[in-house]
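*Asks:* Pasting target_16.txt below, which is compact mmCIF, C-alpha atoms and all ligand atoms.
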# COMPACT_ATOMS: atom_id res chain seq x y z
CA MET D 1 -42.50 21.12 -2.35
CA ALA D 2 -44.45 24.30 -1.59
CA LYS D 3 -48.08 24.24 -2.64
CA ALA D 4 -49.12 26.36 -5.61
CA MET D 5 -49.75 29.99 -4.64
CA THR D 6 -53.38 30.74 -3.92
CA GLN D 7 -55.03 33.23 -6.23
CA LYS D 8 -58.43 33.61 -4.60
CA ALA D 9 -59.98 37.01 -3.96
CA ALA D 10 -61.41 37.59 -0.49
CA PRO D 11 -65.17 38.19 -0.56
CA GLY D 12 -65.95 41.81 0.24
CA LEU D 13 -62.31 42.76 0.73
CA GLY D 14 -61.43 43.74 -2.82
CA LEU D 15 -58.18 41.99 -2.06
CA ASP D 16 -56.46 39.57 -4.38
CA ALA D 17 -53.45 37.40 -3.64
CA ASP D 18 -50.96 39.79 -5.23
CA LEU D 19 -52.09 42.75 -3.16
CA ALA D 20 -52.26 40.62 0.01
CA ARG D 21 -48.75 39.38 -0.63
CA LYS D 22 -47.44 42.89 -1.20
CA LEU D 23 -49.05 44.40 1.91
CA LEU D 24 -47.94 41.54 4.14
CA ARG D 25 -44.45 41.59 2.68
CA ASP D 26 -44.12 45.35 3.15
CA MET D 27 -45.23 45.24 6.80
CA LEU D 28 -42.95 42.29 7.54
CA LEU D 29 -40.05 44.02 5.85
CA ILE D 30 -40.38 47.03 8.13
CA ARG D 31 -40.68 44.85 11.22
CA ARG D 32 -37.73 42.54 10.45
CA PHE D 33 -35.60 45.44 9.30
CA GLU D 34 -36.18 47.31 12.54
CA GLU D 35 -35.73 44.22 14.72
CA LYS D 36 -32.35 43.72 13.08
CA ALA D 37 -31.55 47.42 13.46
CA ALA D 38 -32.29 47.16 17.19
CA GLU D 39 -29.91 44.19 17.44
CA ALA D 40 -27.22 46.10 15.56
CA TYR D 41 -27.73 49.07 17.87
CA ALA D 42 -27.25 46.84 20.93
CA LEU D 43 -24.01 45.57 19.35
CA GLY D 44 -22.77 49.14 18.93
CA LYS D 45 -22.96 49.03 15.14
CA ILE D 46 -25.42 51.92 15.02
CA GLY D 47 -24.70 55.10 16.93
CA GLY D 48 -26.80 58.15 17.80
CA PHE D 49 -30.56 57.93 17.83
CA LEU D 50 -32.73 55.10 16.57
CA HIS D 51 -36.51 55.35 16.57
CA LEU D 52 -38.44 52.20 15.71
CA SER D 53 -41.91 52.07 14.20
CA ILE D 54 -42.67 48.49 15.29
CA GLY D 55 -46.46 48.32 15.69
CA GLU D 56 -47.02 51.10 13.14
CA GLU D 57 -46.16 49.17 9.97
CA ALA D 58 -49.67 49.24 8.50
CA VAL D 59 -49.40 52.99 8.03
CA ALA D 60 -46.43 53.04 5.64
CA ALA D 61 -47.53 49.84 3.88
CA GLY D 62 -51.15 50.91 3.36
CA ALA D 63 -50.43 54.52 2.48
CA THR D 64 -47.60 53.88 0.03
CA SER D 65 -49.61 51.17 -1.74
CA VAL D 66 -51.76 53.85 -3.39
CA LEU D 67 -48.90 56.15 -4.43
CA ARG D 68 -47.22 56.28 -7.80
CA PRO D 69 -43.42 56.09 -7.92
CA ASP D 70 -43.27 59.76 -8.97
CA ASP D 71 -45.34 60.91 -5.96
CA TYR D 72 -43.39 62.33 -3.04
CA ALA D 73 -43.18 61.27 0.59
CA ILE D 74 -41.65 63.25 3.42
CA SER D 75 -41.41 62.25 7.04
CA THR D 76 -40.07 62.53 10.57
CA TYR D 77 -37.14 60.78 12.24
CA ARG D 78 -39.29 57.61 12.64
CA GLU D 79 -39.06 57.03 8.92
CA HIS D 80 -37.27 53.77 8.14
CA GLY D 81 -40.52 52.12 7.06
CA HIS D 82 -41.74 55.09 5.04
CA CYS D 83 -38.47 55.17 3.13
CA LEU D 84 -38.18 51.41 2.60
CA ILE D 85 -41.69 51.05 1.23
CA LYS D 86 -41.29 54.10 -1.01
CA GLY D 87 -38.77 51.94 -2.81
CA SER D 88 -35.36 52.50 -1.25
CA ASP D 89 -32.92 49.62 -1.29
CA PRO D 90 -32.92 48.03 2.21
CA ARG D 91 -29.16 47.51 1.91
CA ARG D 92 -28.57 51.22 1.44
CA VAL D 93 -30.98 52.13 4.23
CA MET D 94 -29.22 49.76 6.65
CA ALA D 95 -25.82 51.08 5.54
CA GLU D 96 -27.04 54.59 6.34
CA LEU D 97 -28.05 53.49 9.83
CA PHE D 98 -24.57 51.97 10.24
CA GLY D 99 -22.99 55.28 9.14
CA ARG D 100 -21.34 53.64 6.14
CA VAL D 101 -20.37 55.11 2.80
CA ASP D 102 -22.89 53.06 0.78
CA GLY D 103 -25.77 54.48 2.80
CA LEU D 104 -28.43 56.62 1.14
CA SER D 105 -26.75 59.77 2.46
CA LYS D 106 -23.21 58.35 2.28
CA GLY D 107 -23.45 57.44 5.94
CA LYS D 108 -23.53 61.08 7.01
CA GLY D 109 -27.23 61.40 7.83
CA GLY D 110 -27.94 58.32 9.90
CA SER D 111 -31.27 56.93 11.00
CA MET D 112 -33.07 60.26 11.26
CA HIS D 113 -31.96 61.69 7.90
CA LEU D 114 -32.72 59.11 5.25
CA PHE D 115 -33.14 60.80 1.87
CA ASP D 116 -33.63 59.18 -1.52
CA LYS D 117 -34.01 61.46 -4.50
CA GLU D 118 -34.38 58.55 -6.91
CA HIS D 119 -37.54 57.39 -5.12
CA ASN D 120 -38.85 60.87 -4.29
CA PHE D 121 -38.39 60.31 -0.59
CA LEU D 122 -37.58 63.76 0.77
CA GLY D 123 -36.38 62.84 4.28
CA GLY D 124 -36.05 62.08 7.32
CA HIS D 125 -36.54 65.31 9.44
CA ALA D 126 -35.50 65.39 13.08
CA ILE D 127 -37.06 68.68 14.12
CA VAL D 128 -40.67 68.06 15.06
CA GLY D 129 -42.98 69.85 12.63
CA ALA D 130 -40.19 71.35 10.52
CA HIS D 131 -40.99 69.36 7.41
CA LEU D 132 -44.66 70.34 7.23
CA PRO D 133 -43.97 73.72 5.59
CA ILE D 134 -41.53 71.91 3.27
CA ALA D 135 -44.34 69.53 2.24
CA ALA D 136 -46.53 72.53 1.47
CA GLY D 137 -43.67 73.93 -0.65
CA VAL D 138 -43.37 70.67 -2.57
CA GLY D 139 -47.13 70.75 -3.16
CA PHE D 140 -46.79 74.30 -4.43
CA ALA D 141 -43.97 73.28 -6.79
CA ILE D 142 -46.07 70.42 -8.23
CA LYS D 143 -48.95 72.78 -8.89
CA TYR D 144 -46.71 75.54 -10.28
CA ARG D 145 -45.17 73.09 -12.75
CA GLY D 146 -48.59 71.74 -13.76
CA GLY D 147 -47.86 68.20 -12.52
CA ASP D 148 -50.32 65.72 -11.10
CA GLN D 149 -48.20 64.15 -8.37
CA VAL D 150 -49.13 64.29 -4.71
CA VAL D 151 -47.11 64.71 -1.53
CA LEU D 152 -47.65 62.34 1.36
CA CYS D 153 -46.51 64.07 4.52
CA TYR D 154 -46.19 61.86 7.61
CA PHE D 155 -45.92 63.49 11.02
CA GLY D 156 -46.58 62.59 14.63
CA ASP D 157 -49.24 63.77 17.05
CA GLY D 158 -46.44 65.79 18.69
CA ALA D 159 -46.40 68.18 15.72
CA VAL D 160 -50.08 69.10 16.03
CA PRO D 161 -49.76 71.64 18.86
CA GLU D 162 -47.01 73.42 16.91
CA GLY D 163 -47.50 76.50 14.77
CA GLU D 164 -45.99 74.85 11.71
CA PHE D 165 -48.83 72.33 11.55
CA HIS D 166 -51.43 75.11 11.42
CA GLU D 167 -49.45 77.35 9.07
CA ALA D 168 -48.84 74.51 6.64
CA LEU D 169 -52.45 73.29 6.69
CA ASN D 170 -53.74 76.80 6.22
CA LEU D 171 -51.56 77.45 3.16
CA ALA D 172 -52.30 74.04 1.64
CA ALA D 173 -56.03 74.69 2.01
CA LEU D 174 -55.85 78.30 0.83
CA TRP D 175 -53.70 77.56 -2.21
CA LYS D 176 -55.25 74.13 -2.91
CA LEU D 177 -52.04 72.13 -2.75
CA PRO D 178 -51.96 68.36 -3.39
CA VAL D 179 -50.68 67.37 0.05
CA ILE D 180 -51.99 64.45 2.09
CA TRP D 181 -51.33 65.33 5.73
CA LEU D 182 -50.99 61.99 7.47
CA CYS D 183 -50.77 62.21 11.24
CA GLU D 184 -49.44 59.03 12.82
CA ASN D 185 -51.22 59.38 16.11
CA ASN D 186 -49.49 56.90 18.42
CA ARG D 187 -50.83 58.78 21.46
CA TYR D 188 -47.43 59.89 22.80
CA ALA D 189 -44.82 62.47 21.97
CA MET D 190 -41.81 61.02 23.77
CA GLY D 191 -43.30 60.53 27.25
CA THR D 192 -46.11 63.08 26.90
CA SER D 193 -49.56 61.71 26.21
CA LEU D 194 -51.86 63.37 23.73
CA GLU D 195 -54.21 64.46 26.51
CA ARG D 196 -51.45 66.44 28.20
CA ALA D 197 -50.48 68.28 25.02
CA LEU D 198 -53.66 69.01 23.08
CA ALA D 199 -56.79 70.92 24.08
CA GLN D 200 -58.69 69.10 21.34
CA THR D 201 -57.54 65.50 20.94
CA GLU D 202 -59.58 64.51 17.87
CA ILE D 203 -56.79 65.52 15.53
CA TRP D 204 -58.72 64.93 12.29
CA LYS D 205 -61.15 67.69 13.31
CA PHE D 206 -58.45 70.31 12.75
CA GLY D 207 -59.00 69.62 9.06
CA GLU D 208 -62.53 70.97 9.39
CA THR D 209 -61.08 74.23 10.70
CA TYR D 210 -59.23 74.63 7.42
CA GLY D 211 -62.12 73.36 5.31
CA ILE D 212 -60.33 70.31 3.97
CA PRO D 213 -61.55 66.70 3.88
CA SER D 214 -60.43 64.88 7.00
CA GLU D 215 -61.12 61.62 8.79
CA PRO D 216 -59.89 59.33 11.56
CA VAL D 217 -58.45 56.03 10.34
CA ASP D 218 -57.71 52.72 12.07
CA GLY D 219 -53.94 52.57 11.67
CA MET D 220 -53.73 48.93 12.75
CA ASP D 221 -55.78 47.91 9.72
CA VAL D 222 -53.67 48.14 6.59
CA LEU D 223 -56.71 48.00 4.31
CA ALA D 224 -58.39 50.87 6.15
CA VAL D 225 -55.24 52.96 5.73
CA ARG D 226 -55.02 52.03 2.07
CA ALA D 227 -58.67 52.96 1.48
CA ALA D 228 -58.49 56.32 3.29
CA VAL D 229 -55.20 57.39 1.70
CA GLY D 230 -56.53 56.16 -1.64
CA ARG D 231 -59.53 58.49 -1.38
CA ALA D 232 -57.30 61.40 -0.38
CA VAL D 233 -54.80 60.76 -3.18
CA GLU D 234 -57.52 60.57 -5.81
CA ARG D 235 -58.96 63.93 -4.69
CA ALA D 236 -55.54 65.55 -4.44
CA ARG D 237 -54.58 64.40 -7.92
CA ARG D 238 -57.87 65.42 -9.49
CA ASP D 239 -58.74 68.67 -7.69
CA LYS D 240 -55.50 69.63 -5.90
CA THR D 241 -57.37 69.32 -2.62
CA PRO D 242 -55.33 68.55 0.49
CA ALA D 243 -56.64 66.19 3.17
CA LEU D 244 -55.91 65.51 6.83
CA LEU D 245 -55.93 61.90 8.00
CA GLU D 246 -55.55 61.06 11.65
CA VAL D 247 -54.21 57.53 11.53
CA ARG D 248 -54.54 55.93 14.96
CA THR D 249 -51.67 53.64 15.63
CA TYR D 250 -49.40 52.54 18.47
CA ARG D 251 -45.68 52.04 18.90
CA PHE D 252 -44.96 48.76 20.66
CA ARG D 253 -41.43 49.88 21.63
CA GLY D 254 -40.40 53.05 23.44
CA HIS D 255 -39.71 56.42 21.87
CA SER D 256 -36.15 55.50 20.92
CA MET D 257 -33.47 53.00 21.90
CA ARG D 258 -32.82 55.18 24.93
CA ASP D 259 -36.37 54.48 26.08
CA PRO D 260 -36.51 50.87 24.94
CA ALA D 261 -39.89 49.83 26.36
CA GLY D 262 -41.63 53.13 27.00
CA ALA D 263 -42.51 51.78 30.44
CA VAL D 264 -42.42 54.96 32.52
CA TYR D 265 -45.38 56.83 31.07
CA ARG D 266 -47.69 53.99 30.07
CA THR D 267 -48.78 50.78 31.71
CA LYS D 268 -47.73 47.29 30.74
CA GLU D 269 -51.43 46.42 30.42
CA GLU D 270 -51.92 49.18 27.88
CA VAL D 271 -49.04 47.93 25.76
CA GLU D 272 -50.21 44.31 25.99
CA ARG D 273 -53.74 45.34 25.04
CA GLU D 274 -52.49 47.19 21.96
CA LYS D 275 -50.32 44.27 20.93
CA LEU D 276 -53.48 42.21 20.53
CA ARG D 277 -54.14 44.45 17.52
CA ASP D 278 -50.73 43.85 15.98
CA PRO D 279 -51.30 44.98 12.37
CA ILE D 280 -49.29 42.11 10.91
CA LEU D 281 -51.12 39.41 12.87
CA LEU D 282 -54.49 40.99 12.11
CA PHE D 283 -53.79 41.08 8.41
CA ARG D 284 -52.30 37.60 8.33
CA ASP D 285 -55.49 36.20 9.88
CA ARG D 286 -57.58 38.19 7.51
CA VAL D 287 -55.92 36.77 4.43
CA LEU D 288 -55.47 33.22 5.73
CA LYS D 289 -59.05 32.65 6.85
CA PRO D 290 -60.77 33.22 3.48
CA GLY D 291 -57.83 31.52 1.72
CA VAL D 292 -56.50 34.57 -0.12
CA LEU D 293 -53.05 33.33 0.90
CA SER D 294 -52.03 29.90 2.17
CA GLU D 295 -49.75 29.09 5.11
CA ASP D 296 -47.08 28.24 2.55
CA ASP D 297 -47.47 31.63 0.87
CA VAL D 298 -46.96 33.34 4.22
CA LYS D 299 -43.91 31.22 5.05
CA LYS D 300 -42.37 32.08 1.71
CA ILE D 301 -42.96 35.81 2.25
CA GLU D 302 -41.38 35.55 5.70
CA LYS D 303 -38.36 33.73 4.33
CA ASP D 304 -37.87 36.20 1.48
CA VAL D 305 -38.07 39.13 3.88
CA ASN D 306 -35.66 37.52 6.37
CA ASP D 307 -33.17 36.86 3.56
CA LEU D 308 -33.48 40.43 2.29
CA VAL D 309 -32.86 41.90 5.74
CA ASP D 310 -29.92 39.54 6.45
CA GLU D 311 -28.45 40.63 3.14
CA ALA D 312 -28.96 44.29 4.11
CA VAL D 313 -27.07 43.77 7.39
CA ALA D 314 -24.21 41.94 5.64
CA PHE D 315 -24.01 44.73 3.04
CA ALA D 316 -23.95 47.44 5.73
CA ASP D 317 -21.31 45.56 7.70
CA ALA D 318 -19.09 45.22 4.64
CA SER D 319 -19.42 48.86 3.59
CA PRO D 320 -16.54 51.13 4.71
CA GLU D 321 -16.92 54.21 6.86
CA PRO D 322 -16.89 57.47 4.88
CA PRO D 323 -13.39 58.87 4.42
CA ALA D 324 -12.37 62.02 6.28
CA SER D 325 -12.42 63.86 2.93
CA GLU D 326 -16.24 63.59 3.02
CA LEU D 327 -16.44 65.70 6.17
CA PHE D 328 -16.84 68.96 4.31
CA THR D 329 -18.81 67.80 1.26
CA ASP D 330 -22.62 67.96 0.84
CA ILE D 331 -22.86 70.72 3.43
CA PHE D 332 -23.91 73.62 1.26
CA LYS D 333 -24.90 73.74 -2.38
CA GLU D 334 -24.93 77.02 -4.23
CA SER D 335 -27.89 77.42 -6.52
CA ALA D 336 -27.14 77.29 -10.25
C1 LIG D 401 -39.10 71.35 17.60
C2 LIG D 401 -38.71 70.17 18.41
N1 LIG D 401 -39.02 70.13 19.72
C3 LIG D 401 -38.67 69.06 20.47
C4 LIG D 401 -37.99 68.04 19.92
C5 LIG D 401 -37.63 66.81 20.75
N2 LIG D 401 -38.46 65.70 20.34
C6 LIG D 401 -37.97 64.73 19.55
S1 LIG D 401 -39.12 63.59 19.18
C7 LIG D 401 -40.30 64.37 20.07
C8 LIG D 401 -41.67 63.78 20.18
C9 LIG D 401 -42.48 63.89 18.95
O1 LIG D 401 -43.58 63.04 19.04
P1 LIG D 401 -44.54 62.74 17.85
O2 LIG D 401 -44.60 63.91 16.93
O3 LIG D 401 -45.83 62.28 18.42
O4 LIG D 401 -43.85 61.55 17.03
P2 LIG D 401 -43.54 60.07 17.51
O5 LIG D 401 -42.17 60.12 18.14
O6 LIG D 401 -44.58 59.66 18.46
O7 LIG D 401 -43.53 59.26 16.27
C10 LIG D 401 -39.79 65.50 20.67
C11 LIG D 401 -40.55 66.39 21.53
C12 LIG D 401 -37.64 68.11 18.54
N3 LIG D 401 -36.99 67.13 17.92
N4 LIG D 401 -38.03 69.18 17.82
MG MG D 402 -46.52 60.38 18.72
Could you render the structure as structure tokens?
*Replies:*
Amino acid sequence: MAKAMTQKAAPGLGLDADLARKLLRDMLLIRRFEEKAAEAYALGKIGGFLHLSIGEEAVAAGATSVLRPDDYAISTYREHGHCLIKGSDPRRVMAELFGRVDGLSKGKGGSMHLFDKEHNFLGGHAIVGAHLPIAAGVGFAIKYRGGDQVVLCYFGDGAVPEGEFHEALNLAALWKLPVIWLCENNRYAMGTSLERALAQTEIWKFGETYGIPSEPVDGMDVLAVRAAVGRAVERARRDKTPALLEVRTYRFRGHSMRDPAGAVYRTKEEVEREKLRDPILLFRDRVLKPGVLSEDDVKKIEKDVNDLVDEAVAFADASPEPPASELFTDIFKESA
């Protein structure tokens, strides 16, 4: 029989067993989900593009842990984790990847275009930088309606040299919009390293240009992400002040399934070195050592996550493809 769940709080971590369980579970869910998606892709069950965030799980898990369900999140094409942790049903996310009718977007959006109105997840955007002005617009709408929600806008380092990044940050600062700009700096935009694309590589410093609070964050440390996003969310909710967080992370796989290992533009040693800071292993050690969670707790979380992901794959497999009659629906909606 499994031992009773540990309920200790870790000294100095402000972390109790429930929070530890949630953060570990969320990171493991993203990892297992994407490992299974990669397998399904190899079997030809997923077509088109598939971008994995393996190695970057602490970002979605830490950041979302300080959001309310009615807050918004908006993201890039590397968004499976962001969407799952915002609350979407893993079965419907997997079905979307499989192009099946029970997917979040009826199987018509695929991996890069997840969208879940019920959980205020506003996509899934494949054009680099294109969703940043949309995030500013959502922030404007919140303020205009007198709400106190915030928008969490994830984007990659590849968006920073683009005009949209600067236009969106400028407007958010000027109009005091409640947007948390969260740059997932994984040091590469496809095969281009940060140093080859940016004149100024300390991305968080661009926030100073626009006079908004900004900071670099260790993206392999889920508690550091949670703390930094927590500070930004509190300010945004209270004062409608945007913030720029440069979350330093690393993708263990390549850019997409067409670049499976990312071996051409980075060395094996670099990847191996980064894997030593695997966010899941780091956090597991951190909660096991002081006894916040026991080995049995961790095994149970792993089993629950594996079962959930297996169920998601079976659900996606069983879901039919969308009928031809769906080809011309959801394309354009006239305003009321
Ligand atoms: C406007 C635009 N230019 C080019 C591309 C092709 N493209 C797709 S992903 C990508 C790299 C983006 O890298 P980054 O923003 O760092 O995100 P990451 O893939 O590292 O998560 C590029 C250039 C695109 N989708 N949109
Ligand atoms: Mg990048």
*Asks:* Between D:Pro290, D:Pro322, D:Pro279, D:Gly262, which has the minimum distance to ligand LIG 401 (chain D) (counting all atoms listed in the file)?
*Replies:*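 Of all the options, D:Gly262 lies closest to ligand LIG 401 (chain D).
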*Asks:* With distances taken over only C-alpha atoms and all ligand atoms, which of D:Leu198, D:Val179, D:Leu24, D:Ala312 is nearest to ligand LIG 401 (chain D)?
*Replies:*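 So, comparing all the options, the nearest one is D:Leu198.
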*Asks:* Grab the CA of Glu246 (chain D) to CA of Ala126 (chain D) distance for me, in Å with one decimal place.
*Replies:*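 Separating CA of Glu246 (chain D) from CA of Ala126 (chain D) is a distance of 20.6 Å.
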*Asks:* Neighbours of ligand LIG 401 (chain D) within 10 Å, counting all atoms listed in the file, as a PyMOL selection string?
*Replies:* chain D and resi 51-53+56+75-79+125-130+154-162+164+183-194+249-251+254-256
*Asks:* With distances taken over all atoms listed in the file, which of D:Ala197, D:Thr267, D:Thr209, D:Ala261 is nearest to ligand MG 402 (chain D)?
*Replies:*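 With all atoms listed in the file as the atom set, the closest residue is D:Ala197.
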*Asks:* If you measure from CA of Asp148 (chain D) to CA of Arg237 (chain D), what distance in Å do you get, rounded to one decimal?
*Replies:*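 Answer for the CA of Asp148 (chain D) to CA of Arg237 (chain D) separation: 5.5 Å.
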*Asks:* Would you list the contacts of Ile134 (chain D) as a list in words, taking every protein, DNA or RNA residue within 9 Å and counting all atoms listed in the file, but skipping same-chain residues closer than 5 positions in sequence?
*Replies:* Ile74, Gly139 and Ala168 of chain D
*Asks:* Please report the interatomic distance between CA of Ala232 (chain D) and CA of Ile180 (chain D) in Å with one decimal.
*Replies:* 6.6 Å
*Asks:* When distances are computed from only C-alpha atoms and all ligand atoms, which of D:Glu167, D:Glu195, D:Glu302, D:Glu270 shows the smallest separation from ligand MG 402 (chain D)?
*Replies:*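 Answer, going by the shortest atom-to-atom distance: D:Glu195.
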*Asks:* Using only C-alpha atoms and all ligand atoms, find the one residue out of D:Val247, D:Ile46, D:Ile85, D:Leu169 that sits nearest to ligand MG 402 (chain D).
*Replies:*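 Looking only at the distances to ligand MG 402 (chain D), the closest residue turns out to be D:Val247.
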*Asks:* Counting only C-alpha atoms, I want the residues whose atoms come within 9 Å of (-58.0, 66.6, 10.6) in the file frame, returned as a ChimeraX atom specification.
*Replies:* /D:181-183,202-210,212-216,243-246
